$ cat coords_14.pdb   # PDB, C-alpha atoms, pLDDT in the B column
ATOM      1  CA  MET D 267      -2.156   9.843 -15.955  1.00 63.00           C
ATOM      2  CA  ALA D 268      -4.182   6.787 -15.001  1.00 83.00           C
ATOM      3  CA  GLN D 269      -2.903   4.581 -12.233  1.00 94.00           C
ATOM      4  CA  LEU D 270       0.742   3.851 -13.165  1.00 97.00           C
ATOM      5  CA  ILE D 271       1.208   0.704 -11.076  1.00 98.00           C
ATOM      6  CA  GLU D 272      -1.411  -1.927 -10.443  1.00 97.00           C
ATOM      7  CA  ILE D 273      -0.645  -4.484  -7.762  1.00 97.00           C
ATOM      8  CA  GLU D 274      -2.428  -7.482  -9.241  1.00 97.00           C
ATOM      9  CA  LYS D 275      -1.805 -10.100  -6.560  1.00 96.00           C
ATOM     10  CA  VAL D 276       0.412 -10.894  -3.621  1.00 97.00           C
ATOM     11  CA  ALA D 277       1.718 -14.070  -2.052  1.00 96.00           C
ATOM     12  CA  VAL D 278       3.037 -14.146   1.490  1.00 94.00           C
ATOM     13  CA  ALA D 279       5.487 -16.808   2.606  1.00 92.00           C
ATOM     14  CA  PRO D 280       7.385 -17.076   5.896  1.00 87.00           C
ATOM     15  CA  ARG D 281      10.492 -15.374   4.489  1.00 88.00           C
ATOM     16  CA  HIS D 282       9.277 -13.304   1.568  1.00 91.00           C
ATOM     17  CA  PHE D 283       6.400 -11.375   0.076  1.00 94.00           C
ATOM     18  CA  THR D 284       5.917 -11.502  -3.681  1.00 97.00           C
ATOM     19  CA  ALA D 285       3.756  -9.023  -5.564  1.00 97.00           C
ATOM     20  CA  ARG D 286       2.797  -9.199  -9.209  1.00 98.00           C
ATOM     21  CA  VAL D 287       2.647  -5.651 -10.552  1.00 98.00           C
ATOM     22  CA  ARG D 288       1.675  -4.272 -13.919  1.00 98.00           C
ATOM     23  CA  ILE D 289       2.889  -0.981 -15.342  1.00 98.00           C
ATOM     24  CA  ALA D 290       0.053   0.808 -17.145  1.00 97.00           C
ATOM     25  CA  ASN D 291       0.052   1.197 -20.900  1.00 96.00           C
ATOM     26  CA  GLY D 292       1.289   4.678 -21.689  1.00 95.00           C
ATOM     27  CA  GLY D 293       3.316   4.869 -18.492  1.00 96.00           C
ATOM     28  CA  PRO D 294       7.100   4.622 -18.543  1.00 98.00           C
ATOM     29  CA  LEU D 295       8.277   1.040 -18.449  1.00 97.00           C
ATOM     30  CA  THR D 296      11.869   2.052 -17.702  1.00 97.00           C
ATOM     31  CA  THR D 297      13.298   4.931 -15.733  1.00 97.00           C
ATOM     32  CA  ASP D 298      15.028   6.426 -18.767  1.00 97.00           C
ATOM     33  CA  GLN D 299      11.673   6.829 -20.518  1.00 97.00           C
ATOM     34  CA  ASP D 300      10.791   9.607 -18.032  1.00 97.00           C
ATOM     35  CA  LEU D 301      13.938  11.026 -16.493  1.00 96.00           C
ATOM     36  CA  VAL D 302      11.978  13.907 -14.943  1.00 97.00           C
ATOM     37  CA  GLY D 303       9.832  11.441 -12.970  1.00 97.00           C
ATOM     38  CA  THR D 304      12.898   9.424 -12.032  1.00 97.00           C
ATOM     39  CA  THR D 305      14.570  12.617 -10.807  1.00 97.00           C
ATOM     40  CA  HIS D 306      11.537  13.382  -8.623  1.00 97.00           C
ATOM     41  CA  VAL D 307      12.000  10.001  -6.925  1.00 98.00           C
ATOM     42  CA  TYR D 308      15.741  10.577  -6.508  1.00 96.00           C
ATOM     43  CA  ARG D 309      15.195  14.016  -4.947  1.00 97.00           C
ATOM     44  CA  LEU D 310      12.604  12.616  -2.555  1.00 97.00           C
ATOM     45  CA  LEU D 311      14.652   9.545  -1.566  1.00 97.00           C
ATOM     46  CA  PRO D 312      18.314  10.064  -2.504  1.00 97.00           C
ATOM     47  CA  GLU D 313      19.348   7.234  -0.159  1.00 96.00           C
ATOM     48  CA  ILE D 314      18.107   4.641  -2.643  1.00 96.00           C
ATOM     49  CA  CYS D 315      21.197   5.338  -4.746  1.00 93.00           C
ATOM     50  CA  ASP D 316      23.312   3.784  -1.999  1.00 92.00           C
ATOM     51  CA  HIS D 317      21.296   0.558  -1.833  1.00 93.00           C
ATOM     52  CA  THR D 318      23.222  -2.556  -2.703  1.00 90.00           C
ATOM     53  CA  CYS D 319      21.968  -3.788  -6.055  1.00 90.00           C
ATOM     54  CA  LEU D 320      23.400  -6.896  -7.565  1.00 79.00           C
ATOM     55  CA  GLY D 321      21.920  -6.432 -11.030  1.00 72.00           C
ATOM     56  CA  ASP D 322      23.778  -6.135 -14.295  1.00 68.00           C
ATOM     57  CA  ALA D 323      24.700  -2.467 -13.991  1.00 73.00           C
ATOM     58  CA  GLY D 324      27.020  -2.538 -10.964  1.00 83.00           C
ATOM     59  CA  THR D 325      26.956  -2.921  -7.203  1.00 89.00           C
ATOM     60  CA  THR D 326      24.664  -0.065  -6.099  1.00 91.00           C
ATOM     61  CA  PHE D 327      21.256   1.052  -7.270  1.00 94.00           C
ATOM     62  CA  LYS D 328      22.874   4.300  -8.451  1.00 92.00           C
ATOM     63  CA  ASP D 329      24.547   2.255 -11.201  1.00 91.00           C
ATOM     64  CA  ALA D 330      21.155   1.020 -12.446  1.00 92.00           C
ATOM     65  CA  MET D 331      18.713   3.817 -11.580  1.00 93.00           C
ATOM     66  CA  GLY D 332      19.111   5.799 -14.804  1.00 92.00           C
ATOM     67  CA  ALA D 333      18.008   2.920 -17.041  1.00 94.00           C
ATOM     68  CA  THR D 334      16.118   0.186 -15.206  1.00 95.00           C
ATOM     69  CA  GLU D 335      12.553  -1.014 -15.006  1.00 96.00           C
ATOM     70  CA  VAL D 336      10.118   1.198 -13.103  1.00 98.00           C
ATOM     71  CA  ALA D 337       9.170  -1.980 -11.201  1.00 98.00           C
ATOM     72  CA  HIS D 338      12.810  -2.261 -10.052  1.00 96.00           C
ATOM     73  CA  LEU D 339      12.631   1.336  -8.829  1.00 97.00           C
ATOM     74  CA  LEU D 340       9.396   0.439  -6.999  1.00 98.00           C
ATOM     75  CA  GLU D 341      11.275  -2.375  -5.238  1.00 96.00           C
ATOM     76  CA  HIS D 342      13.970  -0.002  -3.989  1.00 96.00           C
ATOM     77  CA  VAL D 343      11.501   2.668  -2.858  1.00 97.00           C
ATOM     78  CA  ALA D 344       9.595   0.025  -0.857  1.00 96.00           C
ATOM     79  CA  ILE D 345      12.847  -1.226   0.698  1.00 95.00           C
ATOM     80  CA  GLU D 346      13.808   2.325   1.680  1.00 96.00           C
ATOM     81  CA  LEU D 347      10.434   2.916   3.323  1.00 96.00           C
ATOM     82  CA  MET D 348      10.691  -0.377   5.241  1.00 94.00           C
ATOM     83  CA  ALA D 349      14.215   0.467   6.377  1.00 93.00           C
ATOM     84  CA  ARG D 350      13.137   3.891   7.605  1.00 94.00           C
ATOM     85  CA  THR D 351      10.462   2.401   9.861  1.00 94.00           C
ATOM     86  CA  GLY D 352      13.113   0.631  11.902  1.00 91.00           C
ATOM     87  CA  LEU D 353      10.903  -2.478  11.852  1.00 89.00           C
ATOM     88  CA  ALA D 354      12.523  -4.362   8.974  1.00 82.00           C
ATOM     89  CA  GLY D 355      15.490  -5.776  10.853  1.00 79.00           C
ATOM     90  CA  ASP D 356      19.063  -5.587   9.685  1.00 70.00           C
ATOM     91  CA  ILE D 357      18.496  -6.756   6.138  1.00 68.00           C
ATOM     92  CA  SER D 358      15.915  -5.433   3.716  1.00 74.00           C
ATOM     93  CA  CYS D 359      16.299  -6.883   0.276  1.00 85.00           C
ATOM     94  CA  GLY D 360      14.367  -7.746  -2.793  1.00 92.00           C
ATOM     95  CA  ARG D 361      14.508  -8.689  -6.409  1.00 93.00           C
ATOM     96  CA  THR D 362      12.446  -7.922  -9.491  1.00 96.00           C
ATOM     97  CA  TRP D 363      11.940  -9.920 -12.663  1.00 96.00           C
ATOM     98  CA  ASP D 364       9.646  -9.709 -15.657  1.00 96.00           C
ATOM     99  CA  VAL D 365       6.816 -12.200 -16.026  1.00 98.00           C
ATOM    100  CA  VAL D 366       7.306 -14.192 -19.223  1.00 97.00           C
ATOM    101  CA  GLY D 367       4.393 -13.844 -21.616  1.00 97.00           C
ATOM    102  CA  GLU D 368       2.800 -10.955 -19.724  1.00 97.00           C
ATOM    103  CA  PRO D 369       3.977  -7.621 -21.130  1.00 95.00           C
ATOM    104  CA  ARG D 370       4.575  -4.812 -18.654  1.00 97.00           C
ATOM    105  CA  THR D 371       4.189  -7.249 -15.751  1.00 98.00           C
ATOM    106  CA  PHE D 372       6.777  -7.965 -13.066  1.00 98.00           C
ATOM    107  CA  ASP D 373       7.141  -9.969  -9.912  1.00 98.00           C
ATOM    108  CA  ILE D 374       8.725  -8.130  -7.008  1.00 97.00           C
ATOM    109  CA  GLN D 375       9.922 -10.242  -4.113  1.00 96.00           C
ATOM    110  CA  LEU D 376      10.770  -8.542  -0.837  1.00 95.00           C
ATOM    111  CA  ALA D 377      12.181  -9.959   2.384  1.00 90.00           C
ATOM    112  CA  CYS D 378       9.214 -10.275   4.710  1.00 81.00           C
ATOM    113  CA  PRO D 379       9.804  -9.624   8.385  1.00 80.00           C
ATOM    114  CA  ASP D 380       6.108  -8.664   8.642  1.00 89.00           C
ATOM    115  CA  ASP D 381       3.500  -8.876   5.884  1.00 91.00           C
ATOM    116  CA  VAL D 382       1.699  -5.708   7.022  1.00 93.00           C
ATOM    117  CA  LEU D 383       4.992  -3.818   6.893  1.00 94.00           C
ATOM    118  CA  VAL D 384       5.846  -5.041   3.403  1.00 94.00           C
ATOM    119  CA  ALA D 385       2.345  -4.559   1.965  1.00 95.00           C
ATOM    120  CA  SER D 386       2.048  -1.032   3.309  1.00 96.00           C
ATOM    121  CA  ALA D 387       5.556  -0.070   2.170  1.00 96.00           C
ATOM    122  CA  LEU D 388       4.900  -1.438  -1.320  1.00 97.00           C
ATOM    123  CA  SER D 389       1.575   0.354  -1.686  1.00 97.00           C
ATOM    124  CA  SER D 390       3.129   3.577  -0.379  1.00 98.00           C
ATOM    125  CA  ALA D 391       6.001   3.173  -2.851  1.00 98.00           C
ATOM    126  CA  ALA D 392       3.475   2.764  -5.686  1.00 98.00           C
ATOM    127  CA  TRP D 393       1.795   5.987  -4.565  1.00 97.00           C
ATOM    128  CA  ILE D 394       5.150   7.820  -4.526  1.00 98.00           C
ATOM    129  CA  LEU D 395       5.933   6.641  -8.069  1.00 98.00           C
ATOM    130  CA  GLN D 396       2.442   7.700  -9.178  1.00 97.00           C
ATOM    131  CA  TRP D 397       3.188  11.185  -7.851  1.00 98.00           C
ATOM    132  CA  ALA D 398       6.646  11.306  -9.438  1.00 98.00           C
ATOM    133  CA  TYR D 399       5.639  10.112 -12.894  1.00 97.00           C
ATOM    134  CA  SER D 400       2.496  12.274 -12.926  1.00 96.00           C
ATOM    135  CA  GLY D 401       4.527  15.466 -12.838  1.00 94.00           C
ATOM    136  CA  GLY D 402       5.667  15.663  -9.229  1.00 95.00           C
ATOM    137  CA  ALA D 403       3.383  18.581  -8.408  1.00 93.00           C
ATOM    138  CA  ASP D 404       3.261  20.175  -4.987  1.00 92.00           C
ATOM    139  CA  PRO D 405       2.641  19.117  -2.374  1.00 92.00           C
ATOM    140  CA  LYS D 406       5.329  16.488  -2.579  1.00 95.00           C
ATOM    141  CA  PRO D 407       4.905  13.340  -0.480  1.00 97.00           C
ATOM    142  CA  ASP D 408       5.933  13.710   3.151  1.00 97.00           C
ATOM    143  CA  VAL D 409       8.192  10.686   3.532  1.00 98.00           C
ATOM    144  CA  ASP D 410       8.457  11.054   7.304  1.00 97.00           C
ATOM    145  CA  ALA D 411       4.655  11.051   7.598  1.00 98.00           C
ATOM    146  CA  ILE D 412       4.406   8.021   5.292  1.00 98.00           C
ATOM    147  CA  VAL D 413       6.968   6.117   7.374  1.00 97.00           C
ATOM    148  CA  SER D 414       5.203   7.103  10.593  1.00 96.00           C
ATOM    149  CA  GLY D 415       1.888   5.890   9.162  1.00 97.00           C
ATOM    150  CA  ILE D 416       3.412   2.564   8.136  1.00 96.00           C
ATOM    151  CA  ARG D 417       4.950   2.146  11.594  1.00 95.00           C
ATOM    152  CA  GLU D 418       1.613   2.929  13.287  1.00 95.00           C
ATOM    153  CA  LEU D 419      -0.234   0.491  11.020  1.00 95.00           C
ATOM    154  CA  VAL D 420       2.211  -2.322  11.800  1.00 94.00           C
ATOM    155  CA  ASN D 421       2.097  -1.606  15.531  1.00 91.00           C
ATOM    156  CA  HIS D 422      -1.715  -1.553  15.488  1.00 91.00           C
ATOM    157  CA  ALA D 423      -1.843  -4.847  13.578  1.00 85.00           C
ATOM    158  CA  ASP D 424       0.517  -6.378  16.168  1.00 77.00           C
ATOM    159  CA  GLU D 425      -1.699  -5.142  19.018  1.00 81.00           C
ATOM    160  CA  VAL D 426      -4.800  -6.609  17.358  1.00 79.00           C
ATOM    161  CA  ALA D 427      -3.039  -9.949  16.819  1.00 73.00           C
ATOM    162  CA  LYS D 428      -1.945 -10.066  20.475  1.00 75.00           C
ATOM    163  CA  ALA D 429      -5.475  -9.229  21.670  1.00 74.00           C
ATOM    164  CA  GLU D 430      -6.934 -11.976  19.463  1.00 73.00           C
ATOM    165  CA  GLU D 431      -4.363 -14.462  20.762  1.00 74.00           C
ATOM    166  CA  LYS D 432      -5.208 -13.548  24.356  1.00 74.00           C
ATOM    167  CA  ARG D 433      -8.941 -13.879  23.611  1.00 74.00           C
ATOM    168  CA  ASP D 434      -8.386 -17.303  22.029  1.00 69.00           C
ATOM    169  CA  GLU D 435      -6.324 -18.467  25.026  1.00 69.00           C
ATOM    170  CA  HIS D 436      -9.074 -17.299  27.393  1.00 63.00           C
ATOM    171  CA  ALA D 437     -11.742 -19.072  25.318  1.00 69.00           C
ATOM    172  CA  ALA D 438      -9.696 -22.288  25.397  1.00 72.00           C
ATOM    173  CA  GLU D 439      -9.352 -22.059  29.189  1.00 72.00           C
ATOM    174  CA  VAL D 440     -13.090 -21.513  29.617  1.00 75.00           C
ATOM    175  CA  ALA D 441     -13.880 -24.451  27.326  1.00 76.00           C
ATOM    176  CA  GLN D 442     -11.833 -26.829  29.497  1.00 74.00           C
TER     177      GLN D 442
END

$ encode --input "coords_14.pdb" --output "structure tokens"
Amino acid sequence: MAQLIEIEKVAVAPRHFTARVRIANGGPLTTDQDLVGTTHVYRLLPEICDHTCLGDAGTTFKDAMGATEVAHLLEHVAIELMARTGLAGDISCGRTWDVVGEPRTFDIQLACPDDVLVASALSSAAWILQWAYSGGADPKPDVDAIVSGIRELVNHADEVAKAEEKRDEHAAEVAQ
């Protein structure tokens, strides 16, 4: 299968991160169009069933998972990965809606405690769904390794930002 999910653009705001994603032609648009792939995701991350989900189907993602948009599943996988890093704070939430006039295209908005965290969790979630809906062959994704990699990336980005801030402060002092 070609790339299932294309992240077309992102917008970062102080409180949220919005990504426009497109589901490839030929790929499942909804989870019930490929229940085997959906089951691969469930077996890899069963905790997503317990996520609060205030959509039409009920109060948890379990109520919606069997027949929802693949983009909605992507949202919940990204939220789970963020939560597992321990860097997302107490509340990780999101919402997904279709883009009017653009078939197979959705906007996913995620709470944004850190843009590096959200971007890396979303891209990792897209990779997990690619694996699941491409047959779920071995080796299966190592979720603990993915979460560790996300955590290391965020920590490194924070260290770089602090070093740049310190450099800028020093340059300002020298200029005076």

$ closest_residue --input "coords_14.pdb" --among "D:Ala279, D:Val382, D:Ile273, D:Ile374" --to "Glu335 (chain D)" --atoms "all atoms listed in the file"
D:Ile374

$ closest_residue --input "coords_14.pdb" --among "D:Leu419, D:Ala398, D:Ile314, D:Ala387" --to "Pro294 (chain D)" --atoms "only C-alpha atoms"
D:Ala398

$ resolve_selection --input "coords_14.pdb" --expression "the PyMOL selection byres ((chain D and resi 346) around 9)" --output "list in words"
Leu311, Glu313, Ile314, His317, Glu341, His342, Val343, Ala344, Ile345, Leu347, Met348, Ala349, Arg350, Thr351, Ser358 and Ala387 of chain D

$ residues_around --input "coords_14.pdb" --residues "Glu274 (chain D)" --least-positions-apart "4" --cutoff "10 Å" --atoms "all atoms listed in the file" --output "PyMOL selection string"
chain D and resi 285-288+371-373

$ closest_residue --input "coords_14.pdb" --among "D:Gln396, D:Ser414, D:Gln269, D:Thr296" --to "His338 (chain D)" --atoms "all atoms listed in the file"
D:Thr296

$ closest_residue --input "coords_14.pdb" --among "D:Gly324, D:Gly360, D:Pro405, D:Pro369" --to "Arg281 (chain D)" --atoms "all atoms listed in the file"
D:Gly360

$ atom_distance --input "coords_14.pdb" --atom1 "CA of Val409 (chain D)" --atom2 "CA of Trp363 (chain D)"
26.5 Å

$ closest_residue --input "coords_14.pdb" --among "D:Ser390, D:Glu368, D:Leu301, D:Lys428" --to "Ala411 (chain D)" --atoms "all atoms listed in the file"
D:Ser390

$ atom_distance --input "coords_14.pdb" --atom1 "CA of Leu388 (chain D)" --atom2 "CA of Leu353 (chain D)"
14.5 Å

$ closest_residue --input "coords_14.pdb" --among "D:Cys359, D:Ala377, D:Leu383, D:Ile289" --to "Arg417 (chain D)" --atoms "only C-alpha atoms"
D:Leu383

$ atom_distance --input "coords_14.pdb" --atom1 "CA of Asp424 (chain D)" --atom2 "CA of Ile412 (chain D)"
18.5 Å

$ axis_aligned_box --input "coords_14.pdb" --around "region 350-357 of chain D" --padding-each-side "6 Å" --output "JSON"
{"center_x": 14.8, "center_y": -1.4, "center_z": 9.0, "size_x": 20.6, "size_y": 22.6, "size_z": 17.8}

$ residues_around --input "coords_14.pdb" --residues "Ala290 (chain D)" --least-positions-apart "5" --cutoff "8 Å" --atoms "all atoms listed in the file" --output "ChimeraX atom specification"
/D:268-272,370

$ residues_near_point --input "coords_14.pdb" --point "(12.5, -9.9, 5.8)" --cutoff "9 Å" --atoms "only C-alpha atoms" --output "list of chain:residue names"
D:Pro280, D:Arg281, D:His282, D:Phe283, D:Ala354, D:Gly355, D:Asp356, D:Ile357, D:Ser358, D:Cys359, D:Leu376, D:Ala377, D:Cys378, D:Pro379, D:Asp380, D:Val384

$ build_atoms --input "coords_14.pdb" --residues "region 378-398 of chain D" --atoms "N, CA, C and O atoms" --output "PDB file, in the coordinates of the input"
ATOM      1  N   CYS D 378      10.473 -10.515   4.010  1.00 81.00           N
ATOM      2  CA  CYS D 378       9.214 -10.275   4.710  1.00 81.00           C
ATOM      3  C   CYS D 378       9.323 -10.485   6.213  1.00 81.00           C
ATOM      4  O   CYS D 378       8.966 -11.545   6.718  1.00 81.00           O
ATOM      5  N   PRO D 379       9.800  -9.487   6.939  1.00 80.00           N
ATOM      6  CA  PRO D 379       9.804  -9.624   8.385  1.00 80.00           C
ATOM      7  C   PRO D 379       8.383  -9.518   8.952  1.00 80.00           C
ATOM      8  O   PRO D 379       8.100 -10.018  10.025  1.00 80.00           O
ATOM      9  N   ASP D 380       7.487  -8.879   8.209  1.00 89.00           N
ATOM     10  CA  ASP D 380       6.108  -8.664   8.642  1.00 89.00           C
ATOM     11  C   ASP D 380       5.295  -8.329   7.403  1.00 89.00           C
ATOM     12  O   ASP D 380       5.609  -7.368   6.700  1.00 89.00           O
ATOM     13  N   ASP D 381       4.255  -9.094   7.117  1.00 91.00           N
ATOM     14  CA  ASP D 381       3.500  -8.876   5.884  1.00 91.00           C
ATOM     15  C   ASP D 381       2.795  -7.528   5.856  1.00 91.00           C
ATOM     16  O   ASP D 381       2.679  -6.909   4.801  1.00 91.00           O
ATOM     17  N   VAL D 382       2.340  -7.022   6.992  1.00 93.00           N
ATOM     18  CA  VAL D 382       1.699  -5.708   7.022  1.00 93.00           C
ATOM     19  C   VAL D 382       2.718  -4.630   6.673  1.00 93.00           C
ATOM     20  O   VAL D 382       2.429  -3.704   5.914  1.00 93.00           O
ATOM     21  N   LEU D 383       3.916  -4.763   7.197  1.00 94.00           N
ATOM     22  CA  LEU D 383       4.992  -3.818   6.893  1.00 94.00           C
ATOM     23  C   LEU D 383       5.288  -3.795   5.396  1.00 94.00           C
ATOM     24  O   LEU D 383       5.337  -2.729   4.769  1.00 94.00           O
ATOM     25  N   VAL D 384       5.471  -4.967   4.812  1.00 94.00           N
ATOM     26  CA  VAL D 384       5.846  -5.041   3.403  1.00 94.00           C
ATOM     27  C   VAL D 384       4.705  -4.549   2.515  1.00 94.00           C
ATOM     28  O   VAL D 384       4.928  -3.766   1.586  1.00 94.00           O
ATOM     29  N   ALA D 385       3.482  -4.975   2.791  1.00 95.00           N
ATOM     30  CA  ALA D 385       2.345  -4.559   1.965  1.00 95.00           C
ATOM     31  C   ALA D 385       2.140  -3.055   2.025  1.00 95.00           C
ATOM     32  O   ALA D 385       1.902  -2.410   0.989  1.00 95.00           O
ATOM     33  N   SER D 386       2.250  -2.472   3.198  1.00 96.00           N
ATOM     34  CA  SER D 386       2.048  -1.032   3.309  1.00 96.00           C
ATOM     35  C   SER D 386       3.199  -0.251   2.693  1.00 96.00           C
ATOM     36  O   SER D 386       2.986   0.795   2.064  1.00 96.00           O
ATOM     37  N   ALA D 387       4.417  -0.749   2.808  1.00 96.00           N
ATOM     38  CA  ALA D 387       5.556  -0.070   2.170  1.00 96.00           C
ATOM     39  C   ALA D 387       5.441  -0.146   0.648  1.00 96.00           C
ATOM     40  O   ALA D 387       5.695   0.841  -0.044  1.00 96.00           O
ATOM     41  N   LEU D 388       5.035  -1.296   0.130  1.00 97.00           N
ATOM     42  CA  LEU D 388       4.900  -1.438  -1.320  1.00 97.00           C
ATOM     43  C   LEU D 388       3.788  -0.545  -1.860  1.00 97.00           C
ATOM     44  O   LEU D 388       3.969   0.125  -2.879  1.00 97.00           O
ATOM     45  N   SER D 389       2.657  -0.507  -1.194  1.00 97.00           N
ATOM     46  CA  SER D 389       1.575   0.354  -1.686  1.00 97.00           C
ATOM     47  C   SER D 389       1.939   1.832  -1.558  1.00 97.00           C
ATOM     48  O   SER D 389       1.604   2.637  -2.431  1.00 97.00           O
ATOM     49  N   SER D 390       2.664   2.188  -0.517  1.00 98.00           N
ATOM     50  CA  SER D 390       3.129   3.577  -0.379  1.00 98.00           C
ATOM     51  C   SER D 390       4.151   3.917  -1.459  1.00 98.00           C
ATOM     52  O   SER D 390       4.148   5.019  -2.009  1.00 98.00           O
ATOM     53  N   ALA D 391       5.021   2.962  -1.777  1.00 98.00           N
ATOM     54  CA  ALA D 391       6.001   3.173  -2.851  1.00 98.00           C
ATOM     55  C   ALA D 391       5.300   3.369  -4.184  1.00 98.00           C
ATOM     56  O   ALA D 391       5.698   4.231  -4.987  1.00 98.00           O
ATOM     57  N   ALA D 392       4.241   2.601  -4.438  1.00 98.00           N
ATOM     58  CA  ALA D 392       3.475   2.764  -5.686  1.00 98.00           C
ATOM     59  C   ALA D 392       2.867   4.155  -5.746  1.00 98.00           C
ATOM     60  O   ALA D 392       2.856   4.800  -6.807  1.00 98.00           O
ATOM     61  N   TRP D 393       2.373   4.645  -4.614  1.00 97.00           N
ATOM     62  CA  TRP D 393       1.795   5.987  -4.565  1.00 97.00           C
ATOM     63  C   TRP D 393       2.868   7.048  -4.841  1.00 97.00           C
ATOM     64  O   TRP D 393       2.625   8.015  -5.578  1.00 97.00           O
ATOM     65  N   ILE D 394       4.051   6.871  -4.282  1.00 98.00           N
ATOM     66  CA  ILE D 394       5.150   7.820  -4.526  1.00 98.00           C
ATOM     67  C   ILE D 394       5.516   7.836  -6.003  1.00 98.00           C
ATOM     68  O   ILE D 394       5.706   8.905  -6.594  1.00 98.00           O
ATOM     69  N   LEU D 395       5.614   6.672  -6.637  1.00 98.00           N
ATOM     70  CA  LEU D 395       5.933   6.641  -8.069  1.00 98.00           C
ATOM     71  C   LEU D 395       4.813   7.251  -8.899  1.00 98.00           C
ATOM     72  O   LEU D 395       5.069   7.923  -9.900  1.00 98.00           O
ATOM     73  N   GLN D 396       3.569   7.061  -8.489  1.00 97.00           N
ATOM     74  CA  GLN D 396       2.442   7.700  -9.178  1.00 97.00           C
ATOM     75  C   GLN D 396       2.624   9.213  -9.148  1.00 97.00           C
ATOM     76  O   GLN D 396       2.473   9.886 -10.164  1.00 97.00           O
ATOM     77  N   TRP D 397       2.951   9.744  -7.988  1.00 98.00           N
ATOM     78  CA  TRP D 397       3.188  11.185  -7.851  1.00 98.00           C
ATOM     79  C   TRP D 397       4.339  11.621  -8.753  1.00 98.00           C
ATOM     80  O   TRP D 397       4.213  12.597  -9.506  1.00 98.00           O
ATOM     81  N   ALA D 398       5.437  10.908  -8.699  1.00 98.00           N
ATOM     82  CA  ALA D 398       6.646  11.306  -9.438  1.00 98.00           C
ATOM     83  C   ALA D 398       6.427  11.296 -10.944  1.00 98.00           C
ATOM     84  O   ALA D 398       6.827  12.240 -11.637  1.00 98.00           O
TER      85      ALA D 398
END
